[in-house]
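*Asks:* A single structure is presented below for examination.
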Amino acid sequence: MLVFGLTFMASLASAQAAPPQPPRQSNGLALTPPMGWNSWNKFGCDINESVIRAAADAMVSSGMKDAGYQYVIIDDCWHGERDSNGDIQADPKRFPSGITALADYIHGKGLKFGIYSDAGRKTCAGRPGSRGFEYQDARQYAAWGVDYLKYDWCSTGSQDAKSSYETMSDALRASGRPIVFSICEWGKNQPWLWGETIGNLWRMSGDIYDGWESRDGHYNGMTNILDMQVGLESYAGPGHWNDPDMLEVGNGGMSFEEYKSHFSLWAVLAAPLIAGNDLAHMSKETKSILLNKEVIAVDQDALGIQASRLVKNGDDEVWVKPLQGGGRALGLFNRSKQTHKIGVSWEALGYPATLELRVRDLWSHKDLPRTHGSFAADVPPHGVVMIRVEA
């Protein structure tokens with residue numbers, strides 16, 4: 001009788017078990033890498049509504065909006081306290097008009113609005129995080145008109161990364177508003193392995209440092225983060241992107257040639273192009289980089305393939321990104337302090353050696369002579385020659 005009873009109870013429990021949940025689907029957003037501006041790299045916590053409005057104004061007046069930049073994103077330090085209902089509020093001194101008014105202003109410019117939170121109890125700057133308030137915060141963001149959420153990973157203790165990001169992902173979907181979800185987990189738990197149907201982009205490194213290479217071994221210079229991308233290209237695609245962190249172009253830590261390399265390499269990597277400089281006070285050189293529509297077109301190519309490093313020969317590298325229509329974007333990259341001639345054969349690119357191809361230099365904005373067999377160019381120190389080849 002005891003055996004029968006146990007068997008019966010087990011069968012009853014099985015019959016009453018919840019049916020398996022269908023696999024989570026992607027949210028259908030960010031089919032090309034997001035483009036925009038974020039406050040952190042230049043302003044850190046020194047933000048207010050005037051700074052954010054000025055960035056939106058400059059995104060339009062500079063031509064960045066016309067070039068494809070969309071999102072104006074407030075990073076950490078916008079938060080005030082939670083009210084008696086637990087709803088997060090903006091800092092009343094920094095944002096006296098409120099977040100809805102700011103979002104309306106940005107939307108009125110034809111742009112989209114992004115905000116920041118954290119999967120832990122506190123943000124990285126010690127403001128209230130979203131742990132335990134995920135659905136409430138997501139509803140608040142939707143009510144404010146948020147289009148993009150950057151979600152950080154401070155004060156998370158023993159939390160499981162995947163489940164923490166799943167919770168906020170589900171909360172954003174339940175809010176009823178399409179919101180691009182940026183997973184800022186720093187690559188600690190290999191988000192490229194699980195992030196495709198949870199978020200739209202995921203950081204694969206710690207924060208970027210405005211420099212050519214790591215400083216004192218503690219910060220990630222541009223080339224350090226570039227190296228971390230090798231081998232991750234298969235995880236990127238429309239709606240789900242590897243994120244090597246925001247652009248430092250124009251912030252002063254690198255030379256003009258190095259910033260051109262930074263922008264070129266992020267473009268062939270199909271990386272989100274999130275500017276991080278003072279848009280309201282850009283130099284002509286900075287504008288010439290951020291507004292290079294031919295380079296941007298490579299980043300935004302609808303095929304959505306991240307470049308792979310085809311050649312690594314000491315300081316000489318060739319990065320190759322397949323493009324819609326059968327072409328290729330090439331980044332000939334020179335890490336050294338002397339000019340190097342760097343080349344690549346058509347056969348290495350998957351073309352017949354006899355095929356004559358059109359060659360376009362994307363920084364000089366000119367067509368080079370049609371050629372077959374191979375291409376080579378003199379690449380300046382710490383520079384990139386970026387070309388597009390097509391039949």
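The way I read the labels, and the way they are meant: chains A, B, ... in the order of the structure tokens, residue 1 as the first residue of every chain, and ligand 1 as the first ligand shown, with later ones counted on from there.
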Considering only C-alpha atoms, give me a table of residues in stretch 133-243 of chain A that are at most 8 Å from stretch 31-51 of chain A, with the closest atom pair and distance in Å for each, as a tab-separated table.

*Replies:*
residue	atom	partner	partner_atom	distance
A:Gly237	CA	A:Leu31	CA	7.9
A:Pro238	CA	A:Leu31	CA	4.2
A:Gly239	CA	A:Leu31	CA	4.3
A:His240	CA	A:Leu31	CA	7.7
A:Trp241	CA	A:Pro33	CA	6.8

*Asks:* Got a sec: who's within 6 Å of stretch 318-325 of chain A, counting only C-alpha atoms, leaving out chain neighbours fewer than 2 positions off, as a ChimeraX atom specification?

*Replies:* /A:268,303,307-311,327-332

*Asks:* For N, CA, C and O atoms, I'd like the residues from the last selection saved as an mmCIF file, in the first residue's frame.

*Replies:*
data_model
loop_
_atom_site.group_PDB
_atom_site.id
_atom_site.type_symbol
_atom_site.label_atom_id
_atom_site.label_comp_id
_atom_site.auth_asym_id
_atom_site.auth_seq_id
_atom_site.Cartn_x
_atom_site.Cartn_y
_atom_site.Cartn_z
ATOM 1 N N VAL A 268 34.597 47.514 -38.323
ATOM 2 C CA VAL A 268 34.697 46.184 -38.923
ATOM 3 C C VAL A 268 34.254 45.103 -37.941
ATOM 4 O O VAL A 268 33.807 44.025 -38.357
ATOM 5 N N LEU A 303 24.192 42.543 -43.360
ATOM 6 C CA LEU A 303 24.562 41.139 -43.190
ATOM 7 C C LEU A 303 24.923 40.841 -41.732
ATOM 8 O O LEU A 303 24.701 39.728 -41.242
ATOM 9 N N ALA A 307 33.948 41.118 -38.089
ATOM 10 C CA ALA A 307 35.220 40.794 -38.732
ATOM 11 C C ALA A 307 36.002 39.765 -37.936
ATOM 12 O O ALA A 307 35.914 39.691 -36.705
ATOM 13 N N SER A 308 36.785 38.991 -38.657
ATOM 14 C CA SER A 308 37.761 38.096 -38.037
ATOM 15 C C SER A 308 39.158 38.596 -38.393
ATOM 16 O O SER A 308 39.359 39.288 -39.393
ATOM 17 N N ARG A 309 40.124 38.263 -37.536
ATOM 18 C CA ARG A 309 41.510 38.650 -37.810
ATOM 19 C C ARG A 309 42.123 37.584 -38.708
ATOM 20 O O ARG A 309 42.472 36.492 -38.262
ATOM 21 N N LEU A 310 42.249 37.906 -39.983
ATOM 22 C CA LEU A 310 42.735 36.942 -40.976
ATOM 23 C C LEU A 310 44.249 36.776 -40.917
ATOM 24 O O LEU A 310 44.774 35.679 -41.113
ATOM 25 N N VAL A 311 44.950 37.889 -40.666
ATOM 26 C CA VAL A 311 46.413 37.885 -40.659
ATOM 27 C C VAL A 311 46.904 38.496 -39.357
ATOM 28 O O VAL A 311 46.414 39.551 -38.935
ATOM 29 N N GLY A 327 30.878 41.665 -51.087
ATOM 30 C CA GLY A 327 32.105 42.426 -50.897
ATOM 31 C C GLY A 327 32.751 42.135 -49.557
ATOM 32 O O GLY A 327 32.274 41.325 -48.754
ATOM 33 N N ARG A 328 33.877 42.801 -49.326
ATOM 34 C CA ARG A 328 34.593 42.678 -48.068
ATOM 35 C C ARG A 328 35.040 44.075 -47.628
ATOM 36 O O ARG A 328 35.420 44.909 -48.450
ATOM 37 N N ALA A 329 35.022 44.305 -46.322
ATOM 38 C CA ALA A 329 35.688 45.471 -45.744
ATOM 39 C C ALA A 329 36.965 44.977 -45.088
ATOM 40 O O ALA A 329 36.947 43.986 -44.347
ATOM 41 N N LEU A 330 38.079 45.647 -45.374
ATOM 42 C CA LEU A 330 39.373 45.240 -44.844
ATOM 43 C C LEU A 330 39.949 46.342 -43.969
ATOM 44 O O LEU A 330 39.949 47.519 -44.359
ATOM 45 N N GLY A 331 40.437 45.960 -42.807
ATOM 46 C CA GLY A 331 41.196 46.871 -41.969
ATOM 47 C C GLY A 331 42.632 46.395 -41.924
ATOM 48 O O GLY A 331 42.932 45.368 -41.304
ATOM 49 N N LEU A 332 43.535 47.113 -42.619
ATOM 50 C CA LEU A 332 44.967 46.806 -42.572
ATOM 51 C C LEU A 332 45.534 47.603 -41.397
ATOM 52 O O LEU A 332 45.601 48.833 -41.446
#

*Asks:* With only C-alpha atoms as the basis for distance, which of A:Gly343, A:Gly314, A:Gly252, A:Pro244 is at the shortest distance from A:Met204?

*Replies:*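 Using only C-alpha atoms, A:Met204 sits closest to A:Pro244.
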
*Asks:* Can you pull out every residue from stretch 205-315 of chain A that DSSP, working from the backbone, puts in alpha helix (DSSP H), and format the result as a ChimeraX atom specification?

*Replies:* /A:222-228,256-268,284-290,293-299

*Asks:* Please save C-alpha atoms of the selected residues as a compact mmCIF listing (two decimals), in the first residue's frame.

*Replies:*
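Generated output (result_6.txt):
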# COMPACT_ATOMS: atom_id res chain seq x y z
CA MET A 222 41.87 50.12 -27.11
CA THR A 223 44.22 47.42 -28.43
CA ASN A 224 43.72 45.23 -25.35
CA ILE A 225 39.98 45.13 -25.92
CA LEU A 226 40.51 44.55 -29.63
CA ASP A 227 42.52 41.40 -28.84
CA MET A 228 39.70 40.13 -26.62
CA PHE A 256 44.17 61.51 -34.38
CA GLU A 257 45.61 58.48 -36.20
CA GLU A 258 44.93 56.24 -33.21
CA TYR A 259 41.34 57.45 -32.98
CA LYS A 260 40.88 56.70 -36.68
CA SER A 261 42.12 53.17 -35.96
CA HIS A 262 39.77 52.90 -32.97
CA PHE A 263 36.77 53.91 -35.07
CA SER A 264 37.77 51.77 -38.07
CA LEU A 265 38.30 48.65 -36.01
CA TRP A 266 35.06 49.05 -34.07
CA ALA A 267 33.29 49.40 -37.44
CA VAL A 268 34.70 46.18 -38.92
CA LYS A 284 36.95 69.28 -36.76
CA GLU A 285 39.20 66.21 -36.50
CA THR A 286 36.81 64.46 -34.14
CA LYS A 287 33.86 65.24 -36.40
CA SER A 288 35.73 63.91 -39.41
CA ILE A 289 36.08 60.57 -37.66
CA LEU A 290 32.63 60.21 -36.10
CA LYS A 293 29.60 57.71 -43.41
CA GLU A 294 31.58 55.22 -45.49
CA VAL A 295 33.09 53.66 -42.36
CA ILE A 296 29.72 53.80 -40.60
CA ALA A 297 28.15 51.94 -43.53
CA VAL A 298 30.56 49.05 -42.90
CA ASP A 299 29.50 48.88 -39.25

*Asks:* From the DSSP assignment of the backbone, select every residue of stretch 71-308 of chain A that is strand (DSSP E), and format the answer as JSON, numbers by chain.

*Replies:* {"A": [71, 72, 73, 79, 80, 81, 82, 88, 89, 90, 112, 113, 114, 115, 116, 117, 118, 148, 149, 150, 151, 152, 180, 181, 182, 183, 201, 202, 203, 241, 242, 243, 273, 274, 275, 308]}

*Asks:* Write out as a PyMOL selection string the residues lying within 10 Å of A:Gly221, counting only C-alpha atoms and excluding same-chain residues fewer than 4 positions away.

*Replies:* chain A and resi 207-215+217+225-226

*Asks:* Find the spatial neighbours of stretch 92-102 of chain A, counting only C-alpha atoms, within a cut-off of 9 Å - ignore same-chain residues fewer than 6 positions away - and output them as a PyMOL selection string.

*Replies:* chain A and resi 47-50+52-53+78-80+113+143-146

*Asks:* Restricted to N, CA, C and O atoms, what would the selected residues look like written as a PDB file, in the first residue's frame?

*Replies:*
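Generated output (result.pdb):
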ATOM      1  N   ILE A  47      26.784  65.020 -14.355  1.00  0.00           N
ATOM      2  CA  ILE A  47      25.739  65.165 -15.368  1.00  0.00           C
ATOM      3  C   ILE A  47      24.537  65.892 -14.790  1.00  0.00           C
ATOM      4  O   ILE A  47      24.315  65.918 -13.584  1.00  0.00           O
ATOM      5  N   ASN A  48      23.765  66.477 -15.692  1.00  0.00           N
ATOM      6  CA  ASN A  48      22.485  67.094 -15.348  1.00  0.00           C
ATOM      7  C   ASN A  48      21.683  67.204 -16.632  1.00  0.00           C
ATOM      8  O   ASN A  48      22.173  66.864 -17.712  1.00  0.00           O
ATOM      9  N   GLU A  49      20.462  67.715 -16.530  1.00  0.00           N
ATOM     10  CA  GLU A  49      19.613  67.735 -17.717  1.00  0.00           C
ATOM     11  C   GLU A  49      20.140  68.682 -18.779  1.00  0.00           C
ATOM     12  O   GLU A  49      19.939  68.444 -19.978  1.00  0.00           O
ATOM     13  N   SER A  50      20.873  69.728 -18.391  1.00  0.00           N
ATOM     14  CA  SER A  50      21.437  70.646 -19.389  1.00  0.00           C
ATOM     15  C   SER A  50      22.511  69.961 -20.223  1.00  0.00           C
ATOM     16  O   SER A  50      22.585  70.161 -21.447  1.00  0.00           O
ATOM     17  N   ILE A  52      22.724  66.760 -20.887  1.00  0.00           N
ATOM     18  CA  ILE A  52      22.097  65.763 -21.765  1.00  0.00           C
ATOM     19  C   ILE A  52      21.361  66.452 -22.913  1.00  0.00           C
ATOM     20  O   ILE A  52      21.438  66.000 -24.066  1.00  0.00           O
ATOM     21  N   ARG A  53      20.681  67.548 -22.630  1.00  0.00           N
ATOM     22  CA  ARG A  53      20.006  68.277 -23.708  1.00  0.00           C
ATOM     23  C   ARG A  53      21.012  68.838 -24.704  1.00  0.00           C
ATOM     24  O   ARG A  53      20.771  68.826 -25.916  1.00  0.00           O
ATOM     25  N   TRP A  78      22.172  59.465 -12.422  1.00  0.00           N
ATOM     26  CA  TRP A  78      20.937  60.232 -12.628  1.00  0.00           C
ATOM     27  C   TRP A  78      19.934  59.987 -11.500  1.00  0.00           C
ATOM     28  O   TRP A  78      18.993  60.767 -11.326  1.00  0.00           O
ATOM     29  N   HIS A  79      20.145  58.936 -10.717  1.00  0.00           N
ATOM     30  CA  HIS A  79      19.143  58.463  -9.763  1.00  0.00           C
ATOM     31  C   HIS A  79      19.002  59.375  -8.545  1.00  0.00           C
ATOM     32  O   HIS A  79      19.985  59.877  -8.005  1.00  0.00           O
ATOM     33  N   GLY A  80      17.765  59.495  -8.097  1.00  0.00           N
ATOM     34  CA  GLY A  80      17.488  60.011  -6.768  1.00  0.00           C
ATOM     35  C   GLY A  80      17.178  58.835  -5.862  1.00  0.00           C
ATOM     36  O   GLY A  80      17.856  57.802  -5.911  1.00  0.00           O
ATOM     37  N   PHE A 113      15.959  57.716 -26.553  1.00  0.00           N
ATOM     38  CA  PHE A 113      16.435  58.016 -25.209  1.00  0.00           C
ATOM     39  C   PHE A 113      16.836  56.744 -24.473  1.00  0.00           C
ATOM     40  O   PHE A 113      16.092  55.757 -24.459  1.00  0.00           O
ATOM     41  N   ALA A 143       7.075  54.065 -18.942  1.00  0.00           N
ATOM     42  CA  ALA A 143       6.231  55.247 -18.744  1.00  0.00           C
ATOM     43  C   ALA A 143       6.988  56.529 -19.061  1.00  0.00           C
ATOM     44  O   ALA A 143       6.396  57.504 -19.549  1.00  0.00           O
ATOM     45  N   TRP A 144       8.288  56.535 -18.801  1.00  0.00           N
ATOM     46  CA  TRP A 144       9.111  57.712 -19.099  1.00  0.00           C
ATOM     47  C   TRP A 144       9.416  57.853 -20.595  1.00  0.00           C
ATOM     48  O   TRP A 144       9.843  58.908 -21.042  1.00  0.00           O
ATOM     49  N   GLY A 145       9.282  56.775 -21.349  1.00  0.00           N
ATOM     50  CA  GLY A 145       9.625  56.820 -22.765  1.00  0.00           C
ATOM     51  C   GLY A 145      11.035  56.371 -23.070  1.00  0.00           C
ATOM     52  O   GLY A 145      11.638  56.807 -24.057  1.00  0.00           O
ATOM     53  N   VAL A 146      11.573  55.484 -22.257  1.00  0.00           N
ATOM     54  CA  VAL A 146      12.930  54.966 -22.463  1.00  0.00           C
ATOM     55  C   VAL A 146      12.944  53.995 -23.650  1.00  0.00           C
ATOM     56  O   VAL A 146      12.041  53.179 -23.816  1.00  0.00           O
TER      57      VAL A 146
END

*Asks:* Leaving out A:Lys341 and any residue of its chain fewer than 6 positions from it, which residues lie within 8 Å of it when counting only C-alpha atoms, given as a PyMOL selection string?

*Replies:* chain A and resi 376-379

*Asks:* Selection from above, N, CA and C atoms, as an mmCIF file, in the first residue's frame, can you write it?

*Replies:*
data_model
loop_
_atom_site.group_PDB
_atom_site.id
_atom_site.type_symbol
_atom_site.label_atom_id
_atom_site.label_comp_id
_atom_site.auth_asym_id
_atom_site.auth_seq_id
_atom_site.Cartn_x
_atom_site.Cartn_y
_atom_site.Cartn_z
ATOM 1 N N ALA A 376 47.900 45.816 -51.347
ATOM 2 C CA ALA A 376 48.798 46.198 -50.261
ATOM 3 C C ALA A 376 48.857 47.706 -50.177
ATOM 4 N N ALA A 377 49.143 48.224 -48.984
ATOM 5 C CA ALA A 377 49.227 49.670 -48.785
ATOM 6 C C ALA A 377 50.218 49.968 -47.674
ATOM 7 N N ASP A 378 50.799 51.152 -47.739
ATOM 8 C CA ASP A 378 51.629 51.654 -46.650
ATOM 9 C C ASP A 378 50.707 52.148 -45.542
ATOM 10 N N VAL A 379 50.851 51.563 -44.361
ATOM 11 C CA VAL A 379 49.979 51.893 -43.239
ATOM 12 C C VAL A 379 50.786 52.681 -42.217
#

*Asks:* If we count only C-alpha atoms and set the cut-off at 6 Å, which residues sit around A:Leu247, ignoring sequence neighbours fewer than 2 positions away in its own chain? Please answer as a list in words.

*Replies:*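 Within the cut-off, the hits are Val249, Ile274, Ala275 and Gly276 of chain A.
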
*Asks:* My list of candidates is A:Ile305, A:Glu390, A:His382, A:Asp278. Which is closest to A:Trp346 when distances are computed with only C-alpha atoms?

*Replies:*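 Ranked by minimum distance to A:Trp346, first place goes to A:Glu390.
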
*Asks:* What lies within 7 Å of stretch 175-178 of chain A using only C-alpha atoms, ignoring chain neighbours under 6 positions off, as a count of residues only?

*Replies:* 4

*Asks:* Using atom CA of A:Lys366 and atom CA of A:His281 as the two end points, give the distance in Å to one decimal.

*Replies:* 29.0 Å
